[in-house]
file query.txt (compact mmCIF, C-alpha atoms)
# COMPACT_ATOMS: atom_id res chain seq x y z
CA MET A 57 -134.48 -381.85 -74.63
CA GLU A 58 -130.89 -382.25 -75.75
CA ILE A 59 -128.06 -381.03 -73.51
CA PRO A 60 -126.98 -378.06 -75.75
CA ARG A 61 -130.61 -376.87 -75.90
CA ARG A 62 -130.88 -377.26 -72.13
CA VAL A 63 -127.72 -375.18 -71.63
CA ALA A 64 -128.99 -372.48 -73.99
CA PHE A 65 -132.30 -372.47 -72.07
CA LEU A 66 -130.56 -372.22 -68.69
CA ARG A 67 -128.60 -369.16 -69.78
CA ASN A 68 -131.93 -367.23 -69.65
CA VAL A 69 -132.65 -368.31 -66.05
CA SER A 70 -131.67 -365.55 -63.61
CA ILE A 71 -129.98 -367.67 -60.95
CA PHE A 72 -127.59 -369.14 -63.55
CA SER A 73 -126.48 -365.78 -65.00
CA GLU A 74 -122.95 -366.13 -63.50
CA THR A 75 -122.56 -369.90 -63.85
CA PRO A 76 -119.60 -371.02 -65.98
CA ASP A 77 -120.25 -373.23 -69.04
CA ASN A 78 -118.70 -376.39 -67.62
CA LEU A 79 -120.95 -376.25 -64.53
CA LEU A 80 -123.99 -375.30 -66.59
CA ILE A 81 -123.48 -378.47 -68.66
CA GLN A 82 -123.34 -380.60 -65.50
CA ILE A 83 -126.54 -379.00 -64.24
CA ALA A 84 -128.25 -379.53 -67.60
CA GLU A 85 -127.28 -383.20 -67.50
CA ASN A 86 -128.88 -383.68 -64.08
CA LEU A 87 -132.20 -381.92 -64.65
CA VAL A 88 -135.33 -384.09 -64.66
CA GLU A 89 -137.93 -383.07 -67.23
CA MET A 90 -141.59 -383.10 -66.13
CA GLU A 91 -144.92 -382.73 -67.91
CA VAL A 92 -148.05 -381.64 -66.02
CA SER A 93 -151.64 -381.07 -67.04
CA GLU A 94 -153.83 -378.08 -66.24
CA GLY A 95 -154.97 -378.22 -62.60
CA ASP A 96 -152.24 -380.63 -61.49
CA HIS A 97 -150.51 -379.81 -58.19
CA ILE A 98 -146.75 -379.74 -58.64
CA VAL A 99 -146.04 -379.24 -54.91
CA LEU A 100 -148.37 -378.95 -51.95
CA LYS A 101 -148.19 -376.57 -49.02
CA GLY A 102 -146.70 -378.29 -45.97
CA GLU A 103 -144.76 -381.01 -47.78
CA LEU A 104 -141.00 -381.21 -47.36
CA GLY A 105 -139.22 -379.21 -50.06
CA ASP A 106 -136.19 -380.86 -51.61
CA SER A 107 -136.17 -379.59 -55.22
CA MET A 108 -136.14 -376.52 -57.41
CA TYR A 109 -138.38 -376.23 -60.50
CA ILE A 110 -137.85 -374.25 -63.71
CA VAL A 111 -140.76 -373.49 -66.05
CA ILE A 112 -139.92 -374.60 -69.63
CA ASP A 113 -143.33 -373.77 -71.04
CA GLY A 114 -146.86 -373.04 -69.75
CA ARG A 115 -148.31 -371.05 -66.86
CA ILE A 116 -147.96 -371.87 -63.17
CA LYS A 117 -149.51 -370.28 -60.08
CA VAL A 118 -148.07 -370.14 -56.56
CA HIS A 119 -150.96 -369.87 -54.12
CA ASP A 120 -152.46 -370.54 -50.71
CA GLU A 121 -156.06 -371.63 -51.12
CA GLU A 122 -157.65 -368.94 -53.30
CA TYR A 123 -154.99 -366.31 -52.67
CA ILE A 124 -152.42 -366.19 -55.51
CA PHE A 125 -148.89 -365.06 -54.62
CA SER A 126 -147.54 -365.07 -58.17
CA ILE A 127 -147.98 -366.35 -61.74
CA LEU A 128 -144.93 -367.99 -63.31
CA ASN A 129 -144.06 -368.37 -67.00
CA LYS A 130 -141.16 -369.57 -69.15
CA TRP A 131 -137.70 -369.31 -67.43
CA ASP A 132 -139.29 -368.54 -64.05
CA VAL A 133 -138.05 -370.51 -61.03
CA PHE A 134 -139.77 -371.65 -57.84
CA GLY A 135 -138.45 -373.58 -54.84
CA LYS A 136 -134.85 -372.45 -55.36
CA TYR A 137 -134.36 -371.95 -51.61
CA TYR A 138 -135.06 -375.65 -51.00
CA LEU A 139 -131.76 -376.43 -52.75
CA ILE A 140 -130.04 -374.94 -49.71
CA ASP A 141 -132.30 -376.11 -46.90
CA LYS A 142 -135.09 -378.67 -46.59
CA LYS A 143 -138.16 -377.04 -45.07
CA ARG A 144 -141.91 -377.37 -45.27
CA ARG A 145 -143.29 -375.63 -48.34
CA SER A 146 -145.16 -372.42 -47.54
CA ALA A 147 -147.45 -372.52 -50.60
CA THR A 148 -149.02 -374.82 -53.17
CA VAL A 149 -147.93 -374.70 -56.82
CA THR A 150 -150.51 -375.64 -59.47
CA ALA A 151 -150.44 -375.73 -63.28
CA LEU A 152 -152.75 -373.16 -64.90
CA SER A 153 -152.20 -374.80 -68.29
CA HIS A 154 -150.50 -377.81 -69.81
CA ALA A 155 -146.87 -377.22 -68.83
CA PHE A 156 -143.31 -378.56 -68.98
CA LEU A 157 -140.76 -378.14 -66.19
CA PHE A 158 -137.25 -379.02 -65.11
CA ARG A 159 -136.74 -380.45 -61.63
CA PHE A 160 -133.35 -380.02 -59.88
CA HIS A 161 -133.06 -382.17 -56.72
CA GLN A 162 -131.16 -380.91 -53.66
CA ASP A 163 -128.85 -383.93 -53.41
CA VAL A 164 -127.86 -383.57 -57.07
CA PHE A 165 -127.35 -379.81 -56.54
CA TYR A 166 -124.87 -380.42 -53.72
CA ALA A 167 -123.01 -383.06 -55.74
CA VAL A 168 -122.69 -380.83 -58.81
CA THR A 169 -121.87 -377.52 -57.09
CA LYS A 170 -119.68 -378.66 -54.18
CA ASN A 171 -116.64 -376.87 -55.66
CA GLU A 172 -118.51 -373.96 -57.27
CA ASN A 173 -120.42 -371.18 -55.49
CA THR A 174 -121.79 -369.22 -58.47
CA VAL A 175 -125.17 -370.95 -58.34
CA ILE A 176 -125.46 -370.35 -54.62
CA ARG A 177 -124.53 -366.73 -55.26
CA GLY A 178 -127.31 -366.55 -57.85
CA ILE A 179 -129.76 -368.04 -55.35
CA LEU A 180 -128.69 -365.51 -52.72
CA LYS A 181 -129.17 -362.69 -55.26
CA ALA A 182 -132.65 -363.99 -55.94
CA LEU A 183 -133.31 -364.10 -52.20
CA VAL A 184 -132.10 -360.51 -51.81
CA GLY A 185 -134.31 -359.48 -54.71
CA ARG A 186 -137.27 -361.18 -53.09
CA LEU A 187 -136.57 -359.44 -49.80
CA ARG A 188 -136.34 -356.12 -51.63
CA ASP A 189 -139.66 -356.80 -53.34
CA MET A 190 -141.16 -357.72 -49.98
CA ASN A 191 -139.89 -354.47 -48.46
CA ILE A 192 -141.41 -352.51 -51.34
CA ALA A 193 -144.67 -354.41 -50.90
CA GLU A 194 -144.63 -353.72 -47.14
CA GLU A 195 -144.04 -350.03 -47.76
CA GLN A 196 -146.92 -349.95 -50.22
CA LEU A 197 -149.09 -351.84 -47.75
CA ALA A 198 -148.14 -349.38 -44.99
CA LEU A 199 -149.11 -346.48 -47.25
CA GLN A 200 -152.39 -348.19 -48.07
CA ASN A 201 -153.06 -348.83 -44.37
CA HIS A 202 -152.24 -345.20 -43.61
CA GLU A 203 -154.69 -344.09 -46.28
CA ILE A 204 -157.34 -346.48 -44.94
CA VAL A 205 -156.86 -345.07 -41.42
CA ARG A 206 -157.03 -341.52 -42.79
CA GLN A 207 -160.23 -342.31 -44.69
CA LYS A 208 -161.69 -343.97 -41.59
CA GLU A 209 -160.88 -340.90 -39.49
CA GLU A 210 -162.39 -338.68 -42.18
CA LEU A 211 -165.56 -340.80 -42.19
CA GLU A 212 -165.74 -340.63 -38.39
CA LYS A 213 -165.30 -336.86 -38.58
CA GLN A 214 -168.03 -336.58 -41.21
CA LYS A 215 -170.27 -338.84 -39.13
CA LYS A 216 -169.72 -336.64 -36.07
CA GLU A 217 -170.38 -333.50 -38.11
CA LEU A 218 -173.57 -335.06 -39.50
CA VAL A 219 -174.77 -335.92 -35.99
CA GLU A 220 -174.04 -332.35 -34.88
CA LEU A 221 -175.79 -330.92 -37.94
CA ASN A 222 -178.85 -333.05 -37.26
CA ALA A 223 -178.78 -331.99 -33.61
CA THR A 224 -178.43 -328.36 -34.69
CA LYS A 225 -181.39 -328.70 -37.02
CA ASP A 226 -183.49 -330.43 -34.33
CA LYS A 227 -182.56 -327.76 -31.79
CA PHE A 228 -183.37 -325.01 -34.25
CA PHE A 229 -186.83 -326.37 -34.99
CA SER A 230 -187.41 -327.07 -31.30
CA ILE A 231 -186.73 -323.42 -30.49
CA ILE A 232 -188.98 -322.24 -33.29
CA ALA A 233 -191.75 -324.70 -32.40
CA HIS A 234 -191.73 -324.13 -28.66
CA ASP A 235 -189.48 -321.42 -27.31
CA LEU A 236 -190.52 -318.79 -29.83
CA ARG A 237 -194.16 -319.81 -30.06
CA SER A 238 -194.76 -320.05 -26.31
CA PRO A 239 -193.83 -316.46 -25.34
CA ILE A 240 -195.77 -315.08 -28.30
CA SER A 241 -198.86 -317.02 -27.18
CA THR A 242 -198.45 -315.69 -23.65
CA LEU A 243 -197.97 -312.14 -24.91
CA ILE A 244 -201.16 -312.41 -26.96
CA THR A 245 -203.12 -313.86 -24.01
CA LEU A 246 -201.98 -311.15 -21.59
CA SER A 247 -202.61 -308.36 -24.09
CA GLU A 248 -206.11 -309.72 -24.76
CA VAL A 249 -206.82 -309.70 -21.03
CA LEU A 250 -205.73 -306.06 -20.85
CA LYS A 251 -207.79 -305.17 -23.91
CA ALA A 252 -210.97 -306.91 -22.76
CA ASP A 253 -210.90 -306.35 -19.01
CA LEU A 254 -208.80 -303.23 -18.47
CA GLU A 255 -211.63 -301.39 -16.68
CA LEU A 256 -212.32 -304.38 -14.44
CA LEU A 257 -208.72 -304.90 -13.37
CA THR A 258 -207.31 -303.43 -10.21
CA GLN A 259 -204.21 -301.27 -10.38
CA GLU A 260 -202.21 -304.09 -8.80
CA GLN A 261 -203.46 -306.63 -11.38
CA THR A 262 -202.70 -304.24 -14.24
CA HIS A 263 -199.21 -303.65 -12.90
CA GLU A 264 -198.63 -307.41 -12.58
CA ILE A 265 -199.74 -308.06 -16.18
CA LEU A 266 -197.61 -305.19 -17.51
CA SER A 267 -194.59 -306.50 -15.56
CA SER A 268 -195.14 -309.94 -17.07
CA LEU A 269 -195.39 -308.43 -20.55
CA HIS A 270 -192.17 -306.50 -19.94
CA ASP A 271 -190.28 -309.60 -18.73
CA LEU A 272 -191.60 -311.69 -21.59
CA SER A 273 -190.58 -309.07 -24.12
CA ARG A 274 -187.05 -308.83 -22.71
CA ASN A 275 -186.61 -312.61 -22.65
CA TYR A 276 -188.08 -312.87 -26.14
CA LEU A 277 -185.64 -310.24 -27.43
CA LYS A 278 -182.72 -312.01 -25.77
CA LEU A 279 -183.80 -315.33 -27.31
CA LEU A 280 -184.13 -313.80 -30.76
CA ASP A 281 -180.71 -312.15 -30.42
CA ASN A 282 -179.07 -315.45 -29.41
CA LEU A 283 -180.90 -317.38 -32.10
CA LEU A 284 -179.92 -314.98 -34.86
CA GLN A 285 -176.28 -314.89 -33.80
CA TRP A 286 -176.19 -318.68 -33.45
CA SER A 287 -177.71 -319.21 -36.90
CA ARG A 288 -175.13 -316.81 -38.40
CA ILE A 289 -172.33 -318.87 -36.85
CA GLN A 290 -173.78 -322.12 -38.20
CA THR A 291 -173.94 -320.74 -41.72
CA GLY A 292 -170.37 -319.38 -41.52
CA ARG A 293 -171.48 -315.77 -41.88
CA MET A 294 -170.17 -314.57 -38.54
CA GLU A 295 -166.45 -314.09 -38.03
CA PRO A 296 -164.84 -312.08 -35.24
CA ALA A 297 -163.61 -308.54 -35.85
CA PRO A 298 -161.06 -308.20 -33.01
CA GLU A 299 -160.03 -304.83 -31.63
CA ASN A 300 -158.38 -303.45 -28.52
CA PHE A 301 -160.86 -302.42 -25.81
CA ASP A 302 -161.09 -302.22 -22.04
CA ILE A 303 -162.67 -305.41 -20.69
CA VAL A 304 -163.21 -303.79 -17.25
CA ARG A 305 -165.54 -301.18 -18.76
CA GLN A 306 -167.53 -303.88 -20.58
CA ILE A 307 -167.91 -305.84 -17.35
CA HIS A 308 -169.10 -302.73 -15.48
CA ASP A 309 -171.62 -301.83 -18.21
CA THR A 310 -173.02 -305.37 -18.36
CA MET A 311 -173.38 -305.60 -14.59
CA ALA A 312 -175.14 -302.24 -14.49
CA PHE A 313 -177.69 -303.66 -16.95
CA TYR A 314 -178.48 -306.55 -14.55
CA LYS A 315 -178.60 -304.55 -11.31
CA ALA A 316 -182.39 -304.35 -11.46
CA SER A 317 -182.73 -308.12 -11.95
CA ALA A 318 -180.35 -308.80 -9.07
CA PHE A 319 -182.27 -306.34 -6.82
CA GLU A 320 -185.58 -307.98 -7.72
CA LYS A 321 -184.27 -311.43 -6.66
CA ARG A 322 -182.40 -309.94 -3.68
CA ILE A 323 -179.08 -311.23 -4.98
CA GLU A 324 -175.81 -309.52 -4.12
CA LEU A 325 -174.12 -308.75 -7.45
CA THR A 326 -170.45 -308.01 -6.73
CA ASN A 327 -167.80 -306.63 -9.08
CA THR A 328 -164.18 -307.12 -7.96
CA THR A 329 -162.68 -305.62 -11.13
CA SER A 330 -161.10 -302.16 -11.20
CA GLY A 331 -158.77 -300.01 -13.24
CA ALA A 332 -158.42 -300.91 -16.91
CA LEU A 333 -157.26 -304.00 -18.79
CA PRO A 334 -157.04 -304.15 -22.60
CA VAL A 335 -158.06 -307.26 -24.49
CA PHE A 336 -157.92 -308.01 -28.21
CA ALA A 337 -161.25 -309.54 -29.21
CA ASP A 338 -164.58 -308.91 -30.91
CA LYS A 339 -166.35 -306.46 -28.62
CA ASN A 340 -169.90 -307.45 -29.62
CA MET A 341 -169.17 -311.13 -29.09
CA VAL A 342 -167.67 -310.40 -25.66
CA ARG A 343 -170.77 -308.39 -24.70
CA THR A 344 -172.94 -311.38 -25.63
CA ILE A 345 -170.71 -313.71 -23.58
CA LEU A 346 -170.89 -311.47 -20.50
CA ARG A 347 -174.67 -310.98 -20.79
CA ASN A 348 -175.32 -314.72 -21.05
CA LEU A 349 -172.99 -315.77 -18.25
CA ILE A 350 -174.10 -313.07 -15.78
CA SER A 351 -177.80 -313.56 -16.52
CA ASN A 352 -177.36 -317.35 -16.13
CA ALA A 353 -175.65 -316.86 -12.77
CA LEU A 354 -178.57 -314.69 -11.59
CA LYS A 355 -181.08 -317.15 -13.04
CA TYR A 356 -179.77 -320.13 -11.05
CA THR A 357 -179.01 -318.28 -7.80
CA PRO A 358 -181.80 -318.18 -5.20
CA SER A 359 -182.87 -315.11 -3.26
CA ASN A 360 -180.29 -313.79 -0.77
CA GLY A 361 -177.55 -315.47 -2.82
CA LYS A 362 -174.44 -313.95 -4.31
CA VAL A 363 -172.92 -313.53 -7.80
CA GLU A 364 -169.35 -312.29 -8.07
CA VAL A 365 -167.51 -311.22 -11.24
CA GLY A 366 -163.72 -311.23 -11.14
CA LEU A 367 -160.80 -310.57 -13.48
CA LYS A 368 -157.09 -311.33 -13.58
CA ALA A 369 -154.30 -311.15 -16.15
CA ASP A 370 -151.73 -313.90 -16.59
CA ASN A 371 -149.14 -314.74 -19.25
CA GLY A 372 -150.78 -312.85 -22.11
CA TRP A 373 -154.38 -313.71 -21.23
CA ALA A 374 -157.23 -312.05 -19.40
CA GLU A 375 -159.33 -314.46 -17.34
CA ILE A 376 -162.88 -313.39 -16.52
CA SER A 377 -164.75 -315.38 -13.86
CA ILE A 378 -168.43 -315.41 -12.88
CA LYS A 379 -169.05 -317.22 -9.61
CA ASP A 380 -172.46 -317.82 -8.06
CA SER A 381 -173.88 -319.43 -4.92
CA GLY A 382 -176.65 -321.11 -6.90
CA ILE A 383 -178.03 -324.60 -7.31
CA GLY A 384 -174.97 -325.98 -9.12
CA MET A 385 -174.86 -328.88 -11.60
CA THR A 386 -174.35 -332.63 -11.64
CA PRO A 387 -171.26 -334.01 -13.45
CA THR A 388 -173.50 -335.27 -16.28
CA ALA A 389 -175.13 -331.87 -16.74
CA ARG A 390 -171.72 -330.22 -16.70
CA GLU A 391 -170.35 -332.59 -19.38
CA ASN A 392 -173.33 -331.94 -21.66
CA LEU A 393 -173.39 -328.20 -21.05
CA PHE A 394 -171.94 -327.17 -24.41
CA ARG A 395 -173.24 -330.05 -26.57
CA ILE A 396 -175.92 -329.02 -29.01
CA ASP A 397 -177.22 -332.60 -29.27
CA GLN A 398 -177.61 -332.82 -25.46
CA ALA A 399 -178.46 -329.22 -24.61
CA PHE A 400 -181.51 -328.62 -22.46
CA SER A 401 -182.76 -325.76 -20.35
CA THR A 402 -183.42 -326.00 -16.63
CA PRO A 403 -185.86 -323.47 -15.13
CA GLY A 404 -184.23 -320.88 -12.88
CA THR A 405 -184.80 -320.49 -9.15
CA ALA A 406 -187.69 -318.09 -9.91
CA ASN A 407 -188.91 -320.38 -12.73
CA GLU A 408 -187.12 -318.29 -15.37
CA LYS A 409 -187.24 -319.86 -18.83
CA GLY A 410 -184.39 -320.49 -21.25
CA THR A 411 -183.40 -322.47 -24.35
CA GLY A 412 -180.03 -323.99 -23.48
CA LEU A 413 -178.62 -322.05 -26.41
CA GLY A 414 -176.88 -319.20 -24.58
CA LEU A 415 -173.96 -321.24 -23.21
CA ILE A 416 -173.37 -322.96 -26.54
CA LEU A 417 -173.22 -319.53 -28.13
CA CYS A 418 -170.78 -318.36 -25.43
CA LYS A 419 -168.42 -321.27 -26.04
CA GLU A 420 -168.40 -320.70 -29.81
CA PHE A 421 -167.78 -316.96 -29.39
CA ILE A 422 -164.98 -317.55 -26.86
CA GLU A 423 -163.25 -320.09 -29.11
CA LYS A 424 -163.62 -317.82 -32.14
CA ASN A 425 -161.68 -315.23 -30.13
CA LYS A 426 -158.94 -317.83 -29.34
CA GLY A 427 -160.00 -318.26 -25.73
CA LYS A 428 -161.21 -321.17 -23.60
CA ILE A 429 -164.06 -321.65 -21.15
CA VAL A 430 -163.89 -323.77 -18.01
CA VAL A 431 -166.75 -324.75 -15.70
CA GLU A 432 -166.55 -325.86 -12.07
CA SER A 433 -169.76 -326.86 -10.34
CA GLU A 434 -171.29 -329.20 -7.79
CA PRO A 435 -174.95 -329.70 -6.91
CA GLY A 436 -175.90 -327.27 -4.14
CA ASN A 437 -172.51 -325.51 -4.16
CA GLY A 438 -172.93 -323.07 -7.00
CA SER A 439 -170.96 -322.73 -10.24
CA LEU A 440 -167.85 -320.97 -11.46
CA PHE A 441 -167.56 -320.07 -15.15
CA SER A 442 -164.14 -318.83 -16.27
CA PHE A 443 -163.12 -317.83 -19.77
CA THR A 444 -160.00 -316.32 -21.31
CA LEU A 445 -159.33 -313.66 -23.93
CA PRO A 446 -155.99 -312.56 -25.39
CA LEU A 447 -154.62 -309.39 -23.82
CA GLY A 448 -154.41 -306.29 -25.99
CA ASP A 449 -151.24 -304.33 -26.55
CA LYS A 450 -152.54 -301.01 -25.24
CA THR A 451 -155.29 -299.44 -23.17
CA PRO A 452 -157.99 -297.98 -25.47
call {"tool": "encode", "arguments": {"input": "query.txt", "output": "structure tokens"}}
result
Amino acid sequence: MEIPRRVAFLRNVSIFSETPDNLLIQIAENLVEMEVSEGDHIVLKGELGDSMYIVIDGRIKVHDEEYIFSILNKWDVFGKYYLIDKKRRSATVTALSHAFLFRFHQDVFYAVTKNENTVIRGILKALVGRLRDMNIAEEQLALQNHEIVRQKEELEKQKKELVELNATKDKFFSIIAHDLRSPISTLITLSEVLKADLELLTQEQTHEILSSLHDLSRNYLKLLDNLLQWSRIQTGRMEPAPENFDIVRQIHDTMAFYKASAFEKRIELTNTTSGALPVFADKNMVRTILRNLISNALKYTPSNGKVEVGLKADNGWAEISIKDSGIGMTPTARENLFRIDQAFSTPGTANEKGTGLGLILCKEFIEKNKGKIVVESEPGNGSLFSFTLPLGDKTP
């Protein structure tokens, strides 16, 4: 290529945009023209870089193995930084088609530009542009990584929800298959005994069967009530309707309901609450919480034991505590207490039956009313269940 054509060509190369004509002519005179075939390696990764290359025609790729950094075309430059400093090349450059190039050697560059810094300024501009592009690429990569992390967290959340849904379904069918069926079968059996052998039974035997029927009916009703409320929560059809009411009165009423059960097991049921204390919560949900926690305390406390219900107010919250002198729990049992996928029921000290559903229901009701539940327990040393409710703004 003739010198005037080379100069005209160089005017379109970015790093020479500020180069004066006299210097551009010297550069054009010292360029070495190259011809390469498709697939030829122009430079190899790791070799010492000592030249810059300008694409006259054709397509060139800069790559590392199969990963392509960039595709170069006419007027594009690669290796310009090796005019300033000899270093090992960080990538391989290969012709994607038959191509023509100019080669500008470092020694010639220094000889031609020793009294002129415009080319170096152009190289520095190119370097700044590359750094800017790298910053943009890093920002885009950071955004992509953030999105990947977010999607991963979302998948983990969905996975956890799916496990919980499957556990909920399994628990639901387990209750239907066993816990609902079993008491009905017992009720039928006892009623058939009464129907067939009523005249043959002693008064004591009749009383025993009727007591069993009564206990079974109460437990069955409690199970159905818990199951229905739990299923309503799972389907999103149960939201709290908070109101101001006296929590002390609710505690007294609930404890009065369980006095007979406590007397039957010879358990001292103590109420340390007095006066009045307003809370702002769903009254029906709170009744269910109190019934489940007090009945559980009685269930796992042996004869001659003690169950104590307490109350205190602190910093905008009412804290209700149910403490028993019962059998207590292991750390593993305590950790799994509110997990639907791990829930199981342990028979009470008088072989009372349960489903493991009541405490799960309590936790969900407490959290729906913005409170928290805490459990302290050790095997053989009883249990302490404490939960909080927001204080009301007036006494009902």
call {"tool": "atom_distance", "arguments": {"input": "query.txt", "atom1": "atom CA of Ala369 of chain A", "atom2": "atom CA of Ser330 of chain A"}}
result
12.3 Å
call {"tool": "closest_residue", "arguments": {"input": "query.txt", "among": "A:Ile110, A:Leu250, A:Ala337, A:Leu440", "to": "Ser381 of chain A", "atoms": "all atoms listed in the file"}}
result
A:Leu440
call {"tool": "atom_distance", "arguments": {"input": "query.txt", "atom1": "atom CA of Asn352 of chain A", "atom2": "atom CA of Pro435 of chain A"}}
result
15.6 Å
call {"tool": "closest_residue", "arguments": {"input": "query.txt", "among": "A:Ala312, A:Leu269, A:Ile59, A:Ile244", "to": "Glu85 of chain A", "atoms": "only C-alpha atoms"}}
result
A:Ile59
call {"tool": "residues_near_point", "arguments": {"input": "query.txt", "point": "(-147.6, -373.3, -73.7)", "cutoff": "9 Å", "atoms": "all atoms listed in the file", "output": "VMD selection string"}}
result
chain A and resid 112 to 115 130 153 to 156
call {"tool": "atom_distance", "arguments": {"input": "query.txt", "atom1": "atom CA of Ile323 of chain A", "atom2": "atom CA of Ser359 of chain A"}}
result
5.7 Å
call {"tool": "residues_around", "arguments": {"input": "query.txt", "residues": "Val63 of chain A", "least_positions_apart": "5", "cutoff": "7 Å", "atoms": "all atoms listed in the file", "output": "PyMOL selection string"}}
result
chain A and resi 80-81+84
call {"tool": "closest_residue", "arguments": {"input": "query.txt", "among": "A:Phe319, A:Tyr137, A:Phe336, A:Tyr314", "to": "Tyr109 of chain A", "atoms": "all atoms listed in the file"}}
result
A:Tyr137
call {"tool": "residues_around", "arguments": {"input": "query.txt", "residues": "Asp77 of chain A", "least_positions_apart": "5", "cutoff": "10 Å", "atoms": "all atoms listed in the file", "output": "PyMOL selection string"}}
result
chain A and resi 63+67+82-83
call {"tool": "closest_residue", "arguments": {"input": "query.txt", "among": "A:Ile307, A:Leu445, A:Val249, A:Val335", "to": "Gly366 of chain A", "atoms": "all atoms listed in the file"}}
result
A:Ile307
